[in-house]
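J.: The file below is start.pdb, PDB, C-alpha atoms:
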ATOM      1  CA  ALA A 227       6.143 -16.181  -5.818
ATOM      2  CA  GLN A 228       6.142 -12.521  -6.678
ATOM      3  CA  SER A 229       8.420  -9.971  -5.084
ATOM      4  CA  VAL A 230       9.626  -6.411  -5.415
ATOM      5  CA  THR A 231      13.015  -4.926  -4.602
ATOM      6  CA  GLN A 232      13.442  -1.208  -4.209
ATOM      7  CA  LEU A 233      17.070  -0.121  -4.329
ATOM      8  CA  GLY A 234      17.817   2.584  -1.813
ATOM      9  CA  SER A 235      15.663   3.212   1.218
ATOM     10  CA  HIS A 236      16.533   6.932   1.091
ATOM     11  CA  VAL A 237      17.234   9.100  -1.939
ATOM     12  CA  SER A 238      18.183  12.785  -1.817
ATOM     13  CA  VAL A 239      17.996  15.109  -4.793
ATOM     14  CA  SER A 240      18.290  18.840  -5.247
ATOM     15  CA  GLU A 241      15.262  20.822  -6.263
ATOM     16  CA  GLY A 242      15.131  20.843 -10.061
ATOM     17  CA  ALA A 243      17.242  17.701 -10.432
ATOM     18  CA  LEU A 244      16.228  14.418 -11.970
ATOM     19  CA  VAL A 245      14.411  11.967  -9.729
ATOM     20  CA  LEU A 246      15.154   8.270 -10.281
ATOM     21  CA  LEU A 247      13.696   5.649  -7.954
ATOM     22  CA  ARG A 248      14.570   2.055  -8.747
ATOM     23  CA  CYS A 249      12.306  -0.967  -8.660
ATOM     24  CA  ASN A 250      12.971  -4.519  -9.782
ATOM     25  CA  TYR A 251      10.351  -7.209  -9.695
ATOM     26  CA  SER A 252       9.967 -10.940  -9.823
ATOM     27  CA  SER A 253       6.670 -12.265 -11.106
ATOM     28  CA  SER A 254       4.992 -14.768 -13.362
ATOM     29  CA  VAL A 255       3.953 -13.414 -16.755
ATOM     30  CA  PRO A 256       2.337 -10.960 -17.118
ATOM     31  CA  PRO A 257       3.397  -8.617 -14.321
ATOM     32  CA  TYR A 258       1.125  -5.805 -13.294
ATOM     33  CA  LEU A 259       3.132  -3.044 -11.655
ATOM     34  CA  PHE A 260       2.231  -0.031  -9.565
ATOM     35  CA  TRP A 261       3.859   2.953  -7.960
ATOM     36  CA  TYR A 262       2.168   4.459  -4.919
ATOM     37  CA  VAL A 263       3.170   7.612  -3.031
ATOM     38  CA  GLN A 264       2.726   8.287   0.653
ATOM     39  CA  TYR A 265       2.933  11.884   1.833
ATOM     40  CA  PRO A 266       3.735  12.451   5.514
ATOM     41  CA  ASN A 267       0.998  11.260   7.839
ATOM     42  CA  GLN A 268      -1.222  10.144   4.980
ATOM     43  CA  GLY A 269      -2.274   6.915   3.331
ATOM     44  CA  LEU A 270      -0.897   5.667   0.034
ATOM     45  CA  GLN A 271      -2.263   6.940  -3.245
ATOM     46  CA  LEU A 272      -1.723   5.691  -6.769
ATOM     47  CA  LEU A 273       0.911   7.446  -8.882
ATOM     48  CA  LEU A 274       0.723   5.198 -11.919
ATOM     49  CA  LYS A 275       0.322   1.608 -13.011
ATOM     50  CA  TYR A 276       1.403  -0.651 -15.837
ATOM     51  CA  THR A 277      -1.046  -3.236 -17.072
ATOM     52  CA  THR A 278      -0.515  -3.954 -20.769
ATOM     53  CA  GLY A 279       0.368  -1.997 -23.884
ATOM     54  CA  ALA A 280       2.687   0.999 -23.842
ATOM     55  CA  THR A 281       5.731   0.356 -21.698
ATOM     56  CA  LEU A 282       6.192   4.025 -20.777
ATOM     57  CA  VAL A 283       3.497   4.927 -18.290
ATOM     58  CA  LYS A 284       2.698   8.492 -17.299
ATOM     59  CA  GLY A 285       1.298   9.279 -13.909
ATOM     60  CA  ILE A 286       0.271  12.212 -11.802
ATOM     61  CA  ASN A 287       2.504  15.146 -10.826
ATOM     62  CA  GLY A 288       4.884  14.663 -13.782
ATOM     63  CA  PHE A 289       6.072  11.187 -12.820
ATOM     64  CA  GLU A 290       6.535   8.379 -15.297
ATOM     65  CA  ALA A 291       7.842   4.829 -15.246
ATOM     66  CA  GLU A 292       9.111   2.489 -17.906
ATOM     67  CA  PHE A 293       8.437  -1.229 -17.879
ATOM     68  CA  LYS A 294      11.496  -3.129 -19.086
ATOM     69  CA  LYS A 295      10.795  -6.825 -19.272
ATOM     70  CA  SER A 296      14.364  -7.796 -20.182
ATOM     71  CA  GLU A 297      15.654  -6.050 -17.059
ATOM     72  CA  THR A 298      12.633  -6.917 -14.844
ATOM     73  CA  SER A 299      12.552  -3.255 -13.878
ATOM     74  CA  PHE A 300       9.960  -0.549 -13.412
ATOM     75  CA  HIS A 301      11.943   2.537 -12.405
ATOM     76  CA  LEU A 302      10.149   5.765 -11.538
ATOM     77  CA  THR A 303      11.429   9.075 -12.906
ATOM     78  CA  LYS A 304      10.627  12.760 -12.897
ATOM     79  CA  PRO A 305      12.728  15.244 -14.882
ATOM     80  CA  SER A 306      12.715  18.025 -12.305
ATOM     81  CA  ALA A 307      12.144  17.524  -8.586
ATOM     82  CA  HIS A 308       9.896  19.843  -6.651
ATOM     83  CA  MET A 309       9.829  20.358  -2.905
ATOM     84  CA  SER A 310       6.328  18.917  -2.838
ATOM     85  CA  ASP A 311       7.676  15.579  -4.155
ATOM     86  CA  ALA A 312       9.208  14.791  -0.761
ATOM     87  CA  ALA A 313       7.409  11.609   0.262
ATOM     88  CA  GLU A 314       7.828   7.865   0.479
ATOM     89  CA  TYR A 315       7.353   5.886  -2.727
ATOM     90  CA  PHE A 316       6.319   2.258  -2.928
ATOM     91  CA  CYS A 317       6.625  -0.044  -5.890
ATOM     92  CA  ALA A 318       4.181  -2.958  -5.985
ATOM     93  CA  VAL A 319       3.526  -6.019  -8.117
ATOM     94  CA  SER A 320       0.090  -7.532  -8.489
ATOM     95  CA  GLY A 321      -0.959 -11.037  -9.395
ATOM     96  CA  HIS A 322      -3.512 -13.645  -8.443
ATOM     97  CA  SER A 323      -3.678 -16.005  -5.524
ATOM     98  CA  GLY A 324      -6.661 -18.270  -4.993
ATOM     99  CA  GLY A 325      -8.630 -16.322  -7.605
ATOM    100  CA  TYR A 326      -8.129 -12.947  -5.987
ATOM    101  CA  GLN A 327      -5.710 -10.081  -6.384
ATOM    102  CA  LYS A 328      -2.518 -10.378  -4.425
ATOM    103  CA  VAL A 329      -0.406  -7.240  -4.132
ATOM    104  CA  THR A 330       3.165  -7.336  -2.878
ATOM    105  CA  PHE A 331       4.732  -4.039  -1.877
ATOM    106  CA  GLY A 332       8.374  -3.097  -1.811
ATOM    107  CA  THR A 333       9.947  -1.712   1.339
ATOM    108  CA  GLY A 334       9.687   1.866   0.126
ATOM    109  CA  THR A 335      12.062   4.683  -0.818
ATOM    110  CA  LYS A 336      11.966   7.995   1.026
ATOM    111  CA  LEU A 337      12.655  10.897  -1.271
ATOM    112  CA  GLN A 338      14.207  14.011   0.197
ATOM    113  CA  VAL A 339      14.285  17.162  -1.922
ATOM    114  CA  ILE A 340      16.956  19.664  -0.971
ATOM    115  CA  PRO A 341      16.284  23.336  -1.730
TER
ATOM    116  CA  ASN B 692     -17.332  10.549  -1.580
ATOM    117  CA  ALA B 693     -15.329  10.282   1.629
ATOM    118  CA  GLY B 694     -13.374   7.320   0.206
ATOM    119  CA  VAL B 695     -11.804   5.112   2.873
ATOM    120  CA  THR B 696     -12.063   6.367   6.444
ATOM    121  CA  GLN B 697     -10.344   5.006   9.538
ATOM    122  CA  THR B 698     -10.807   5.667  13.225
ATOM    123  CA  PRO B 699      -9.096   6.389  15.499
ATOM    124  CA  LYS B 700      -6.090   8.217  14.086
ATOM    125  CA  PHE B 701      -3.975   7.544  17.147
ATOM    126  CA  GLN B 702      -4.254   5.000  19.952
ATOM    127  CA  VAL B 703      -2.139   3.984  22.922
ATOM    128  CA  LEU B 704      -2.831   0.618  24.546
ATOM    129  CA  LYS B 705      -1.351  -1.324  27.410
ATOM    130  CA  THR B 706      -0.178  -4.875  26.868
ATOM    131  CA  GLY B 707      -3.109  -7.259  27.049
ATOM    132  CA  GLN B 708      -5.806  -4.747  26.210
ATOM    133  CA  SER B 709      -8.109  -5.291  23.281
ATOM    134  CA  MET B 710      -9.468  -2.801  20.802
ATOM    135  CA  THR B 711     -11.097  -2.451  17.422
ATOM    136  CA  LEU B 712      -9.792  -0.348  14.557
ATOM    137  CA  GLN B 713     -12.624   0.855  12.388
ATOM    138  CA  CYS B 714     -12.592   1.085   8.601
ATOM    139  CA  ALA B 715     -15.356   2.155   6.251
ATOM    140  CA  GLN B 716     -15.597   2.879   2.538
ATOM    141  CA  ASP B 717     -18.366   4.482   0.511
ATOM    142  CA  MET B 718     -17.270   3.396  -2.973
ATOM    143  CA  ASN B 719     -19.206   0.102  -2.993
ATOM    144  CA  HIS B 720     -15.957  -1.831  -3.272
ATOM    145  CA  GLU B 721     -16.088  -5.565  -2.775
ATOM    146  CA  TYR B 722     -12.463  -6.027  -1.731
ATOM    147  CA  MET B 723     -11.121  -4.635   1.531
ATOM    148  CA  SER B 724      -7.892  -5.292   3.334
ATOM    149  CA  TRP B 725      -5.780  -4.401   6.338
ATOM    150  CA  TYR B 726      -2.046  -3.751   6.204
ATOM    151  CA  ARG B 727       0.495  -2.880   8.811
ATOM    152  CA  GLN B 728       3.421  -0.635   7.981
ATOM    153  CA  ASP B 729       6.680  -0.965   9.866
ATOM    154  CA  PRO B 730       9.963   0.858   9.155
ATOM    155  CA  GLY B 731      12.029  -0.909   6.526
ATOM    156  CA  MET B 732       9.393  -3.568   5.940
ATOM    157  CA  GLY B 733       6.937  -1.882   3.636
ATOM    158  CA  LEU B 734       3.299  -2.902   3.895
ATOM    159  CA  ARG B 735       2.337  -6.380   5.019
ATOM    160  CA  LEU B 736      -1.131  -7.813   4.535
ATOM    161  CA  ILE B 737      -2.929  -8.850   7.734
ATOM    162  CA  HIS B 738      -6.394  -9.907   6.578
ATOM    163  CA  TYR B 739      -8.565  -9.301   3.591
ATOM    164  CA  SER B 740     -12.187  -9.670   2.509
ATOM    165  CA  VAL B 741     -13.624 -10.252  -0.956
ATOM    166  CA  GLY B 742     -17.182  -9.430   0.037
ATOM    167  CA  ALA B 743     -19.616  -9.343   2.928
ATOM    168  CA  GLY B 744     -19.287 -12.513   4.985
ATOM    169  CA  ILE B 745     -16.012 -13.603   3.353
ATOM    170  CA  THR B 746     -12.636 -13.034   4.952
ATOM    171  CA  ASP B 747      -9.230 -14.661   4.727
ATOM    172  CA  GLN B 748      -5.788 -14.403   6.247
ATOM    173  CA  GLY B 749      -2.926 -12.497   4.778
ATOM    174  CA  GLU B 750       0.777 -12.616   5.468
ATOM    175  CA  VAL B 751       0.746 -11.656   9.189
ATOM    176  CA  PRO B 752      -2.660 -12.573  10.698
ATOM    177  CA  ASN B 753      -1.655 -13.725  14.181
ATOM    178  CA  GLY B 754      -3.168 -11.671  16.982
ATOM    179  CA  TYR B 755      -5.809 -10.062  14.757
ATOM    180  CA  ASN B 756      -9.428 -10.852  13.938
ATOM    181  CA  VAL B 757     -11.707  -9.464  11.256
ATOM    182  CA  SER B 758     -15.304  -9.771  10.162
ATOM    183  CA  ARG B 759     -17.282  -8.249   7.304
ATOM    184  CA  SER B 760     -21.000  -7.981   7.927
ATOM    185  CA  THR B 761     -21.599  -5.214   5.377
ATOM    186  CA  THR B 762     -19.951  -4.105   2.161
ATOM    187  CA  GLU B 763     -18.979  -0.781   3.740
ATOM    188  CA  ASP B 764     -17.303  -1.801   6.994
ATOM    189  CA  PHE B 765     -14.271  -3.934   7.776
ATOM    190  CA  PRO B 766     -13.141  -3.643  11.416
ATOM    191  CA  LEU B 767      -9.858  -5.058  12.681
ATOM    192  CA  ARG B 768      -9.766  -6.431  16.216
ATOM    193  CA  LEU B 769      -6.690  -6.794  18.357
ATOM    194  CA  LEU B 770      -7.496  -9.534  20.828
ATOM    195  CA  SER B 771      -4.722  -9.027  23.386
ATOM    196  CA  ALA B 772      -2.342  -6.258  22.399
ATOM    197  CA  ALA B 773       1.405  -6.872  22.449
ATOM    198  CA  PRO B 774       4.297  -4.408  21.960
ATOM    199  CA  SER B 775       5.080  -6.175  18.655
ATOM    200  CA  GLN B 776       1.791  -4.816  17.354
ATOM    201  CA  THR B 777       3.005  -1.241  17.613
ATOM    202  CA  SER B 778       2.672  -0.087  14.028
ATOM    203  CA  VAL B 779       0.746   2.049  11.598
ATOM    204  CA  TYR B 780      -2.336   0.285  10.280
ATOM    205  CA  PHE B 781      -3.878   1.008   6.899
ATOM    206  CA  CYS B 782      -7.175  -0.108   5.549
ATOM    207  CA  ALA B 783      -7.561  -0.325   1.769
ATOM    208  CA  SER B 784     -10.298  -1.151  -0.688
ATOM    209  CA  SER B 785     -10.541  -1.963  -4.371
ATOM    210  CA  TYR B 786     -13.340  -2.572  -6.816
ATOM    211  CA  SER B 787     -13.582  -6.332  -6.989
ATOM    212  CA  GLY B 788     -10.418  -7.999  -5.785
ATOM    213  CA  THR B 789     -10.526 -10.359  -8.737
ATOM    214  CA  GLY B 790      -8.694  -8.097 -11.171
ATOM    215  CA  SER B 791      -4.937  -7.972 -10.962
ATOM    216  CA  THR B 792      -4.967  -4.412 -12.282
ATOM    217  CA  ASP B 793      -7.324  -3.005  -9.649
ATOM    218  CA  THR B 794      -6.131   0.141  -7.891
ATOM    219  CA  GLN B 795      -6.208   0.077  -4.120
ATOM    220  CA  TYR B 796      -7.559   3.071  -2.229
ATOM    221  CA  PHE B 797      -6.060   3.630   1.192
ATOM    222  CA  GLY B 798      -7.354   5.215   4.347
ATOM    223  CA  PRO B 799      -5.274   7.765   6.311
ATOM    224  CA  GLY B 800      -4.022   5.177   8.792
ATOM    225  CA  THR B 801      -4.167   4.488  12.520
ATOM    226  CA  ARG B 802      -0.986   4.898  14.510
ATOM    227  CA  LEU B 803      -1.020   2.349  17.346
ATOM    228  CA  THR B 804       1.398   2.196  20.245
ATOM    229  CA  VAL B 805       1.336  -0.739  22.672
ATOM    230  CA  LEU B 806       3.163  -0.169  25.942
TER
END
What is this file in structure tokens?

T.:
Amino acid sequence: AQSVTQLGSHVSVSEGALVLLRCNYSSSVPPYLFWYVQYPNQGLQLLLKYTTGATLVKGINGFEAEFKKSETSFHLTKPSAHMSDAAEYFCAVSGHSGGYQKVTFGTGTKLQVIP
Amino acid sequence: NAGVTQTPKFQVLKTGQSMTLQCAQDMNHEYMSWYRQDPGMGLRLIHYSVGAGITDQGEVPNGYNVSRSTTEDFPLRLLSAAPSQTSVYFCASSYSGTGSTDTQYFGPGTRLTVL
């Protein structure tokens, strides 16, 4: 069975500070990993995804994530937080079940950016 | 393209009432799904469909019905609403549902309160 653990349901950073949101996964090989962002009162939208190849994945709005197989991690980072980054972030792992895609989401991390 | 649309945005029901949450997509996606989002629990899959006429249960299907008569539409029916069904409901679609790397596209959500 696949699963995702997001460490920290709430993270606060100062504007301009590093953003680090943690995600660990459990999955059969190979894992396909996603980060989605949910702005207030909106649906989720894709930030980035890891499929194969380069382990450092760049996404929208300056975010990136690094796939580390040895640590079963896929942490999300951004060098400098902006007020507009305040949102909830979901890590997800994707696999197959019965021939179709099965996506398991983490419980989410709410990012607060302090001016 | 409008993407994934959901109606209504907000709904209040009394216990025992029934209603249908509407979902439509204009991207010609084969795979559509319904999730519910509850605080601290992330997104949980209710039902999904891999094409017109084909539906299956997800993680939390009890109390919900779905059907898929066209590629575009995937309504979710609450048969007899209960307070435990108070939640935010998201509809999502993806290209085929057979690829583990498919991105899901989410609607804006329906916020349902059952009194």

J.: Evaluate the ChimeraX specification (/A :<7) & /B here and jot the selected residues down as number ranges by chain.

T.: B: 731-734, 788-792, 796-800

J.: List as a compact mmCIF listing (two decimals) with C-alpha atoms, in the coordinates of the input the protein and nucleic acid residues near Cys714 (chain B), meaning an atom at most 10 Å away when all atoms listed in the file are counted, but skip any in the same chain fewer than 2 places from it.

T.:
# COMPACT_ATOMS: atom_id res chain seq x y z
CA VAL B 695 -11.80 5.11 2.87
CA THR B 696 -12.06 6.37 6.44
CA GLN B 697 -10.34 5.01 9.54
CA THR B 698 -10.81 5.67 13.22
CA PRO B 699 -9.10 6.39 15.50
CA THR B 711 -11.10 -2.45 17.42
CA LEU B 712 -9.79 -0.35 14.56
CA GLN B 716 -15.60 2.88 2.54
CA MET B 723 -11.12 -4.64 1.53
CA SER B 724 -7.89 -5.29 3.33
CA TRP B 725 -5.78 -4.40 6.34
CA GLU B 763 -18.98 -0.78 3.74
CA ASP B 764 -17.30 -1.80 6.99
CA PHE B 765 -14.27 -3.93 7.78
CA PRO B 766 -13.14 -3.64 11.42
CA LEU B 767 -9.86 -5.06 12.68
CA PHE B 781 -3.88 1.01 6.90
CA CYS B 782 -7.18 -0.11 5.55
CA ALA B 783 -7.56 -0.32 1.77
CA SER B 784 -10.30 -1.15 -0.69
CA GLY B 798 -7.35 5.22 4.35
CA GLY B 800 -4.02 5.18 8.79
CA THR B 801 -4.17 4.49 12.52

J.: The PyMOL selection byres ((chain B and resi 727) around 7) on the file shown: which residues, as a PyMOL selection string?

T.: chain B and resi 725-726+728-729+734-737+778-781

J.: Taking C-alpha atoms for each residue, export the selection above as a PDB file, keeping the file's coordinate frame.

T.:
ATOM      1  CA  TRP B 725      -5.780  -4.401   6.338  1.00  0.00           C
ATOM      2  CA  TYR B 726      -2.046  -3.751   6.204  1.00  0.00           C
ATOM      3  CA  GLN B 728       3.421  -0.635   7.981  1.00  0.00           C
ATOM      4  CA  ASP B 729       6.680  -0.965   9.866  1.00  0.00           C
ATOM      5  CA  LEU B 734       3.299  -2.902   3.895  1.00  0.00           C
ATOM      6  CA  ARG B 735       2.337  -6.380   5.019  1.00  0.00           C
ATOM      7  CA  LEU B 736      -1.131  -7.813   4.535  1.00  0.00           C
ATOM      8  CA  ILE B 737      -2.929  -8.850   7.734  1.00  0.00           C
ATOM      9  CA  SER B 778       2.672  -0.087  14.028  1.00  0.00           C
ATOM     10  CA  VAL B 779       0.746   2.049  11.598  1.00  0.00           C
ATOM     11  CA  TYR B 780      -2.336   0.285  10.280  1.00  0.00           C
ATOM     12  CA  PHE B 781      -3.878   1.008   6.899  1.00  0.00           C
TER      13      PHE B 781
END

J.: Have a look at CA of Gln228 (chain A) and CA of Lys304 (chain A) and let me know their distance in Å, one decimal.

T.: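 These atoms are spaced 26.4 Å apart.
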
J.: Please evaluate the PyMOL selection byres ((chain B and resi 757) around 8) against the structure above and give the resulting residues as a list of chain:residue names.

T.: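 On this input, the PyMOL selection byres ((chain B and resi 757) around 8) captures B:His738, B:Thr746, B:Tyr755, B:Asn756, B:Ser758, B:Arg759, B:Phe765, B:Pro766, B:Leu767, B:Arg768.
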
J.: Output C-alpha atoms for every residue in that selection, as a CSV table (one decimal), keeping the file's coordinate frame.

T.:
chain,number,residue,atom,x,y,z
B,738,HIS,CA,-6.4,-9.9,6.6
B,746,THR,CA,-12.6,-13.0,5.0
B,755,TYR,CA,-5.8,-10.1,14.8
B,756,ASN,CA,-9.4,-10.9,13.9
B,758,SER,CA,-15.3,-9.8,10.2
B,759,ARG,CA,-17.3,-8.2,7.3
B,765,PHE,CA,-14.3,-3.9,7.8
B,766,PRO,CA,-13.1,-3.6,11.4
B,767,LEU,CA,-9.9,-5.1,12.7
B,768,ARG,CA,-9.8,-6.4,16.2

J.: Using CA of Gly234 (chain A) and CA of Arg248 (chain A) as the two end points, give the distance in Å to one decimal.

T.: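 It comes out at 7.7 Å.
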